[in-house]
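Quick notes on the structure that follows.
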Amino acid sequence: MDLDLLGTGDAITTSNVIIVGGSFSGNLLAWILATRGIHAHVLEEHKRVGLPMECAGIVSSKICKLIPIPRKFIHGRVSTAEIYVPGDMAIKVRTRDAPVVIDRTGLDDYYHEMAKRKGAVYHLGERVNKITRDGEYWLVETSRGIYKTQMLVGCDGAKSIVARSAGMNHDFITGKQVLIHVKDDADKPCSANTCELHFDPRWNELFAWVIPRGSSYFRVGLCAKFYVATKLNQFFSSRFGLTLEEARRGDRQKKISIDILKTTGGLIPVGHMHQCAFAGMILLGDAACQVKATTGGGLVMSSLAATYAARAICKSLQQDKYSKKFLARHYQKPCRRQLALTLKMHYILHLGLSYLEDSDYSFLSRFGTQAHVRKWLLSAADMDFPLKFILRVFLEPSFISWVIRFLFRNPFLLVASFKTLVTLPRSRKDIYPTKTNPP
Ligand SMILES: Cc1cc2nc3c(=O)[nH]c(=O)nc-3n(C[C@H](O)[C@H](O)[C@H](O)COP(=O)(O)OP(=O)(O)OC[C@H]3O[C@@H](n4cnc5c(N)ncnc54)[C@H](O)[C@@H]3O)c2cc1C
């Protein structure tokens with residue numbers, strides 16, 4: 001790190017690599033780079049890493065093979081998913097590969113500490129306000145100073161200022177959740193090894209969830225574009241028989257005794273992976289829209305992309321090459337090869353799900369409860385890479401005939417799916433509208 005002086009007298013910190021955002025992807029990348037001798041500067045607007053916590057923490061067990069996760073950060077495993085659709089029909093899905101529920105705050109801080117120990121430099125409580133190009137360098141202006149780098153990495157989430165400075169911006173939905181403690185052991189309203197997904201036209205941009213965290217703590221939340229708090233309250237009262245306000249007040253007249261411990265929320269980018277390599281700049285994680293549009297989950301995809309990012313950055317520094325072409329070849333190309341088709345499939349499914357009507361839900365729940373489909377779900381369902389399962393389902397004549405009827409009603413989805421499959425979005429215009437309903 002050098003200290004330069006601009007003509008204005010402002011001190012400029014020069015660094016080989018600057019990472020904006022010290023959350024999951026920023027810390028993971030900073031740590032991988034530090035193990036390879038590259039000491040990035042990480043600029044994070046919050047004073048504490050991992051807070052505020054905006055994640056439900058459920059992730060496929062694949063993540064344990066991709067990155068090291070100490071046992072103490074695993075709250076538990078979820079062996080069954082219960083999928084509810086309107087009309088209170090439920091499909092129980094068991095997978096061989098039980099997802100894990102992780103302690104996101106702990107894990108973010110773990111990578112932060114490991115990265116710091118290996119030489120990464122953290123600037124906490126420092127917000128990036130402006131990014132400009134200065135010849136071959138990026139000038140990054142923060143609340144405390146100015147930084148200069150040839151390699152800028154945007155790990156700053158759905159509203160990434162780094163992505164915006166490269167001309168990219170995302171559409172997003174808002175996730176809101178409460179952490180609850182269920183006090184009455186005798187009559188637990190939910191189970192410690194089952195996660196619930198509730199689909200409903202009122203929050204058809206995604207779904208509502210109940211995710212266990214240990215045996216008596218649960219995260220209850222949902223995602224929507226508008227009226228998120230109202231919709232969460234509607235879901236909470238239909239699921240638990242009391243409103244959030246009644247639970248907060250500790251209404252003793254109700255049968256279930258629930259404590260609301262925390263309310264958190266955050267943005268989830270909607271779309272599929274954007275262009276993620278530019279001259280002297282790469283985007284990673286939510287900033288690159290490396291998020292599954294069906295679930296809003298981004299941890300597995302960003303873990304995979306972080307390894308490609310680290311490799312590309314090492315090559316870039318070794319060969320002193322920072323061009324868009326070089327980074328596209330060494331970062332964007334492997335990301336596209338491994339992730340693009342999957343993320344596109346998730347996005348097409350997400351678009352389709354947002355247009356479902358009651359008759360579609362009832363067909364899908366009947367279809368999903370057939371014995372042979374349940375067997376496929378057990379053997380082939382994969383919450384990250386669903387292609388194999390989708391191909392299998394498309395061999396079923398009853399499913400194909402439903403898809404044809406559905407597309408006949410929504411011909412726009414056919415065009416959107418085709419365009420999605422052949423392009424990589426470069427701006428918000430390339431993303432199609434998710435249907436949004438009032439509460
Ligand atoms: C309610 C909710 C539930 C979720 N549940 C799950 C789940 O169960 N499983 C799953 O896999 N994923 C889940 N996700 C998604 C997951 O949380 C994200 O994919 C993941 O956090 C992305 O990490 P990231 O580091 O790319 O971005 P973020 O976690 O968004 O981090 C961005 C960081 O950049 C910082 N930052 C932003 N702007 C600036 C700036 N200008 N200057 C300095 N710092 C800045 C922020 O403070 C933040 O620390 C959920 C998301 C939400 C909102």
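Residues are named by chain letter and number: chains run A, B, ... in the order of the structure tokens, numbers start at 1 in each chain, and ligands are numbered from 1 in the order shown.
Residues in contact with Val78 (chain A) at up to 9 Å, not including ones fewer than 2 positions away on its chain and judged by only C-alpha atoms, are Ile58, Gly76, Thr80, Ala81, Ala98, Pro99, Val100, Val101, Ala192, Asn193, Thr194, Cys195, Ile211 and Pro212 of chain A.
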Just list as a PyMOL selection string whatever in region 37-286 of chain A DSSP marks as alpha helix (DSSP H). chain A and resi 63-66+104-117+161-165+228-240+244-249
For CA of Ser165 (chain A) and CA of Arg133 (chain A), the interatomic separation in Å (one decimal): 9.1 Å
Give me the residues within 10 Å of Leu139 (chain A) as a PyMOL selection string, counting only C-alpha atoms and dropping any in the same chain fewer than 3 places off. chain A and resi 12-14+130-136+142+146-150+152
Store the residues of this selection in a file with N, CA, C and O atoms, as a PDB file, in the first residue's frame.
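Listed below is the output, result32.pdb:
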```
ATOM      1  N   ILE A  12      -4.277   9.551  -1.062  1.00  0.00           N
ATOM      2  CA  ILE A  12      -4.898   8.456  -1.811  1.00  0.00           C
ATOM      3  C   ILE A  12      -4.213   7.156  -1.423  1.00  0.00           C
ATOM      4  O   ILE A  12      -2.989   7.060  -1.459  1.00  0.00           O
ATOM      5  N   THR A  13      -5.003   6.180  -1.045  1.00  0.00           N
ATOM      6  CA  THR A  13      -4.442   4.879  -0.732  1.00  0.00           C
ATOM      7  C   THR A  13      -4.476   4.045  -2.001  1.00  0.00           C
ATOM      8  O   THR A  13      -5.535   3.880  -2.605  1.00  0.00           O
ATOM      9  N   THR A  14      -3.318   3.545  -2.414  1.00  0.00           N
ATOM     10  CA  THR A  14      -3.278   2.723  -3.622  1.00  0.00           C
ATOM     11  C   THR A  14      -3.196   1.262  -3.217  1.00  0.00           C
ATOM     12  O   THR A  14      -2.436   0.904  -2.324  1.00  0.00           O
ATOM     13  N   LYS A 130     -18.609   7.253  -4.348  1.00  0.00           N
ATOM     14  CA  LYS A 130     -18.444   7.589  -5.765  1.00  0.00           C
ATOM     15  C   LYS A 130     -17.316   6.761  -6.362  1.00  0.00           C
ATOM     16  O   LYS A 130     -16.294   6.529  -5.704  1.00  0.00           O
ATOM     17  N   ILE A 131     -17.506   6.334  -7.596  1.00  0.00           N
ATOM     18  CA  ILE A 131     -16.450   5.576  -8.283  1.00  0.00           C
ATOM     19  C   ILE A 131     -16.242   6.214  -9.650  1.00  0.00           C
ATOM     20  O   ILE A 131     -17.202   6.414 -10.399  1.00  0.00           O
ATOM     21  N   THR A 132     -14.999   6.549  -9.956  1.00  0.00           N
ATOM     22  CA  THR A 132     -14.738   7.157 -11.275  1.00  0.00           C
ATOM     23  C   THR A 132     -13.531   6.480 -11.911  1.00  0.00           C
ATOM     24  O   THR A 132     -12.682   5.913 -11.220  1.00  0.00           O
ATOM     25  N   ARG A 133     -13.469   6.563 -13.211  1.00  0.00           N
ATOM     26  CA  ARG A 133     -12.351   5.983 -13.951  1.00  0.00           C
ATOM     27  C   ARG A 133     -11.315   7.076 -14.163  1.00  0.00           C
ATOM     28  O   ARG A 133     -11.653   8.193 -14.577  1.00  0.00           O
ATOM     29  N   ASP A 134     -10.046   6.746 -13.874  1.00  0.00           N
ATOM     30  CA  ASP A 134      -8.977   7.720 -14.072  1.00  0.00           C
ATOM     31  C   ASP A 134      -7.871   7.009 -14.846  1.00  0.00           C
ATOM     32  O   ASP A 134      -7.041   6.315 -14.257  1.00  0.00           O
ATOM     33  N   GLY A 135      -7.895   7.108 -16.164  1.00  0.00           N
ATOM     34  CA  GLY A 135      -6.939   6.373 -17.002  1.00  0.00           C
ATOM     35  C   GLY A 135      -7.128   4.883 -16.812  1.00  0.00           C
ATOM     36  O   GLY A 135      -8.228   4.363 -16.995  1.00  0.00           O
ATOM     37  N   GLU A 136      -6.068   4.202 -16.347  1.00  0.00           N
ATOM     38  CA  GLU A 136      -6.166   2.750 -16.160  1.00  0.00           C
ATOM     39  C   GLU A 136      -6.626   2.386 -14.753  1.00  0.00           C
ATOM     40  O   GLU A 136      -6.666   1.216 -14.395  1.00  0.00           O
ATOM     41  N   THR A 142     -14.658   7.347  -0.613  1.00  0.00           N
ATOM     42  CA  THR A 142     -15.464   6.835   0.502  1.00  0.00           C
ATOM     43  C   THR A 142     -15.746   7.958   1.492  1.00  0.00           C
ATOM     44  O   THR A 142     -15.281   9.086   1.309  1.00  0.00           O
ATOM     45  N   ILE A 146      -9.864   8.466  -0.234  1.00  0.00           N
ATOM     46  CA  ILE A 146      -9.899   8.101  -1.652  1.00  0.00           C
ATOM     47  C   ILE A 146      -8.941   6.929  -1.872  1.00  0.00           C
ATOM     48  O   ILE A 146      -7.837   6.902  -1.319  1.00  0.00           O
ATOM     49  N   TYR A 147      -9.375   5.972  -2.647  1.00  0.00           N
ATOM     50  CA  TYR A 147      -8.560   4.794  -2.946  1.00  0.00           C
ATOM     51  C   TYR A 147      -8.392   4.699  -4.453  1.00  0.00           C
ATOM     52  O   TYR A 147      -9.269   5.114  -5.214  1.00  0.00           O
ATOM     53  N   LYS A 148      -7.258   4.090  -4.840  1.00  0.00           N
ATOM     54  CA  LYS A 148      -6.960   3.990  -6.265  1.00  0.00           C
ATOM     55  C   LYS A 148      -6.540   2.554  -6.542  1.00  0.00           C
ATOM     56  O   LYS A 148      -5.734   1.990  -5.790  1.00  0.00           O
ATOM     57  N   THR A 149      -7.108   1.969  -7.578  1.00  0.00           N
ATOM     58  CA  THR A 149      -6.753   0.578  -7.859  1.00  0.00           C
ATOM     59  C   THR A 149      -6.920   0.255  -9.335  1.00  0.00           C
ATOM     60  O   THR A 149      -7.699   0.910 -10.037  1.00  0.00           O
ATOM     61  N   GLN A 150      -6.190  -0.775  -9.766  1.00  0.00           N
ATOM     62  CA  GLN A 150      -6.403  -1.260 -11.135  1.00  0.00           C
ATOM     63  C   GLN A 150      -7.391  -2.414 -11.136  1.00  0.00           C
ATOM     64  O   GLN A 150      -7.825  -2.853 -12.186  1.00  0.00           O
ATOM     65  N   LEU A 152     -10.858  -3.489  -9.232  1.00  0.00           N
ATOM     66  CA  LEU A 152     -11.948  -3.182  -8.306  1.00  0.00           C
ATOM     67  C   LEU A 152     -12.950  -4.335  -8.337  1.00  0.00           C
ATOM     68  O   LEU A 152     -13.346  -4.785  -9.414  1.00  0.00           O
TER      69      LEU A 152
END
```
With distances taken over only C-alpha atoms, which residue among A:Val42, A:Cys155, A:Val228, A:Leu395 lies nearest Thr174 (chain A)?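 Ranking A:Val42, A:Cys155, A:Val228, A:Leu395 by distance to Thr174 (chain A), first place goes to A:Val228.
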For region 301-307 of chain A, work out the shell of residues within 6 Å, counting only C-alpha atoms and skipping chain neighbours fewer than 5 positions away, then give it as a CSV table (one decimal) with all heavy atoms, in the first residue's frame.
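Final output, saved to selection-v6.csv:
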```csv
chain,number,residue,atom,x,y,z
A,29,LEU,N,-13.9,-13.9,-0.7
A,29,LEU,CA,-12.9,-13.6,-1.8
A,29,LEU,C,-11.7,-13.0,-1.1
A,29,LEU,O,-10.5,-13.4,-1.5
A,29,LEU,CB,-13.5,-12.6,-2.8
A,29,LEU,CG,-12.5,-12.2,-3.9
A,29,LEU,CD1,-12.1,-13.4,-4.7
A,29,LEU,CD2,-13.1,-11.1,-4.7
A,285,GLY,N,-21.3,-12.2,-6.5
A,285,GLY,CA,-22.4,-12.4,-5.5
A,285,GLY,C,-23.6,-11.6,-6.0
A,285,GLY,O,-23.9,-11.5,-7.2
A,290,GLN,N,-25.8,-13.2,-9.1
A,290,GLN,CA,-25.5,-14.6,-9.1
A,290,GLN,C,-26.4,-15.3,-8.0
A,290,GLN,O,-26.0,-15.8,-7.0
A,290,GLN,CB,-24.0,-14.9,-8.8
A,290,GLN,CG,-23.2,-14.5,-10.0
A,290,GLN,CD,-21.7,-14.2,-9.6
A,290,GLN,OE1,-21.4,-14.0,-8.5
A,290,GLN,NE2,-20.9,-14.2,-10.6
```
Taking into account only C-alpha atoms and all ligand atoms, which residue in the set A:Asp358, A:Glu245, A:Asp384, A:Asp200 is nearest to ligand 1? A:Asp384
For Ala120 (chain A), list every protein, DNA or RNA residue within 7 Å, evaluated using only C-alpha atoms, and leave out those in the same chain fewer than 4 positions away; present the list as an NGL selection string. :A and (30 or 34 or 39-41 or 115-116)
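Using only C-alpha atoms, the protein and nucleic acid residues lying no more than 9 Å from region 63-71 of chain A, apart from those fewer than 3 places from it along its own chain, are Leu28, Val59, Ser60, Ile74, His75, Val100, Ile102, Leu107, Leu299, Val300, Ser303 and Leu304 of chain A.
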Rounded to one decimal in Å, what is the spacing between CA of Gly145 (chain A) and atom 30 (O, counted along the ligand's line) of ligand 1?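 Separating CA of Gly145 (chain A) from atom 30 (O, counted along the ligand's line) of ligand 1 is a distance of 22.7 Å.
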Filtered DSSP result for region 247-284 of chain A, state strand (DSSP E), as a PDB file with N, CA, C and O atoms, in the first residue's frame:
```
ATOM      1  N   ILE A 258     -45.528 -17.105  21.414  1.00  0.00           N
ATOM      2  CA  ILE A 258     -44.398 -16.836  20.521  1.00  0.00           C
ATOM      3  C   ILE A 258     -43.732 -15.526  20.916  1.00  0.00           C
ATOM      4  O   ILE A 258     -44.410 -14.530  21.152  1.00  0.00           O
ATOM      5  N   ASP A 259     -42.407 -15.536  20.991  1.00  0.00           N
ATOM      6  CA  ASP A 259     -41.659 -14.289  21.191  1.00  0.00           C
ATOM      7  C   ASP A 259     -41.073 -13.860  19.862  1.00  0.00           C
ATOM      8  O   ASP A 259     -40.469 -14.676  19.170  1.00  0.00           O
ATOM      9  N   ILE A 260     -41.234 -12.590  19.520  1.00  0.00           N
ATOM     10  CA  ILE A 260     -40.568 -12.088  18.312  1.00  0.00           C
ATOM     11  C   ILE A 260     -39.233 -11.515  18.770  1.00  0.00           C
ATOM     12  O   ILE A 260     -39.195 -10.566  19.551  1.00  0.00           O
ATOM     13  N   LEU A 261     -38.142 -12.105  18.313  1.00  0.00           N
ATOM     14  CA  LEU A 261     -36.840 -11.663  18.807  1.00  0.00           C
ATOM     15  C   LEU A 261     -36.219 -10.586  17.936  1.00  0.00           C
ATOM     16  O   LEU A 261     -35.550  -9.697  18.428  1.00  0.00           O
ATOM     17  N   LYS A 262     -36.410 -10.710  16.631  1.00  0.00           N
ATOM     18  CA  LYS A 262     -35.716  -9.788  15.732  1.00  0.00           C
ATOM     19  C   LYS A 262     -36.490  -9.662  14.433  1.00  0.00           C
ATOM     20  O   LYS A 262     -37.086 -10.643  13.978  1.00  0.00           O
ATOM     21  N   THR A 263     -36.474  -8.501  13.830  1.00  0.00           N
ATOM     22  CA  THR A 263     -37.039  -8.347  12.480  1.00  0.00           C
ATOM     23  C   THR A 263     -35.905  -7.870  11.583  1.00  0.00           C
ATOM     24  O   THR A 263     -35.207  -6.913  11.929  1.00  0.00           O
ATOM     25  N   THR A 264     -35.695  -8.559  10.487  1.00  0.00           N
ATOM     26  CA  THR A 264     -34.632  -8.130   9.569  1.00  0.00           C
ATOM     27  C   THR A 264     -35.168  -8.153   8.144  1.00  0.00           C
ATOM     28  O   THR A 264     -36.230  -8.714   7.884  1.00  0.00           O
ATOM     29  N   GLY A 265     -34.421  -7.569   7.262  1.00  0.00           N
ATOM     30  CA  GLY A 265     -34.870  -7.582   5.868  1.00  0.00           C
ATOM     31  C   GLY A 265     -33.763  -7.124   4.956  1.00  0.00           C
ATOM     32  O   GLY A 265     -32.750  -6.588   5.406  1.00  0.00           O
ATOM     33  N   GLY A 266     -33.949  -7.365   3.689  1.00  0.00           N
ATOM     34  CA  GLY A 266     -32.930  -6.936   2.737  1.00  0.00           C
ATOM     35  C   GLY A 266     -33.434  -7.111   1.321  1.00  0.00           C
ATOM     36  O   GLY A 266     -34.548  -7.592   1.097  1.00  0.00           O
ATOM     37  N   LEU A 267     -32.594  -6.706   0.389  1.00  0.00           N
ATOM     38  CA  LEU A 267     -32.997  -6.767  -1.013  1.00  0.00           C
ATOM     39  C   LEU A 267     -32.455  -8.026  -1.673  1.00  0.00           C
ATOM     40  O   LEU A 267     -31.360  -8.487  -1.351  1.00  0.00           O
ATOM     41  N   ILE A 268     -33.238  -8.544  -2.602  1.00  0.00           N
ATOM     42  CA  ILE A 268     -32.792  -9.698  -3.382  1.00  0.00           C
ATOM     43  C   ILE A 268     -32.865  -9.301  -4.856  1.00  0.00           C
ATOM     44  O   ILE A 268     -33.930  -8.893  -5.327  1.00  0.00           O
ATOM     45  N   PRO A 269     -31.743  -9.369  -5.565  1.00  0.00           N
ATOM     46  CA  PRO A 269     -31.816  -8.984  -6.977  1.00  0.00           C
ATOM     47  C   PRO A 269     -32.645  -9.992  -7.764  1.00  0.00           C
ATOM     48  O   PRO A 269     -32.604 -11.189  -7.487  1.00  0.00           O
ATOM     49  N   VAL A 270     -33.394  -9.495  -8.725  1.00  0.00           N
ATOM     50  CA  VAL A 270     -34.209 -10.391  -9.548  1.00  0.00           C
ATOM     51  C   VAL A 270     -33.619 -10.407 -10.947  1.00  0.00           C
ATOM     52  O   VAL A 270     -33.330  -9.366 -11.517  1.00  0.00           O
ATOM     53  N   ALA A 277     -17.775  -8.902 -15.896  1.00  0.00           N
ATOM     54  CA  ALA A 277     -16.371  -8.497 -16.054  1.00  0.00           C
ATOM     55  C   ALA A 277     -16.308  -7.241 -16.911  1.00  0.00           C
ATOM     56  O   ALA A 277     -16.975  -7.150 -17.947  1.00  0.00           O
ATOM     57  N   PHE A 278     -15.530  -6.280 -16.450  1.00  0.00           N
ATOM     58  CA  PHE A 278     -15.369  -5.000 -17.151  1.00  0.00           C
ATOM     59  C   PHE A 278     -13.883  -4.648 -17.076  1.00  0.00           C
ATOM     60  O   PHE A 278     -13.119  -5.351 -16.411  1.00  0.00           O
ATOM     61  N   MET A 281     -12.418  -4.379 -13.511  1.00  0.00           N
ATOM     62  CA  MET A 281     -13.493  -4.527 -12.527  1.00  0.00           C
ATOM     63  C   MET A 281     -14.223  -5.860 -12.689  1.00  0.00           C
ATOM     64  O   MET A 281     -14.484  -6.286 -13.813  1.00  0.00           O
ATOM     65  N   ILE A 282     -14.501  -6.503 -11.560  1.00  0.00           N
ATOM     66  CA  ILE A 282     -15.405  -7.654 -11.638  1.00  0.00           C
ATOM     67  C   ILE A 282     -16.491  -7.531 -10.568  1.00  0.00           C
ATOM     68  O   ILE A 282     -16.306  -6.853  -9.559  1.00  0.00           O
ATOM     69  N   LEU A 283     -17.611  -8.179 -10.831  1.00  0.00           N
ATOM     70  CA  LEU A 283     -18.725  -8.187  -9.884  1.00  0.00           C
ATOM     71  C   LEU A 283     -18.915  -9.612  -9.384  1.00  0.00           C
ATOM     72  O   LEU A 283     -18.778 -10.570 -10.154  1.00  0.00           O
TER      73      LEU A 283
END
```
Point out the residue among A:Arg104, A:Ile38, A:Cys190, A:Thr243 with the least atom-to-atom distance to Ile18 (chain A), counting only C-alpha atoms.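 With only C-alpha atoms as the atom set, the closest residue is A:Ile38.
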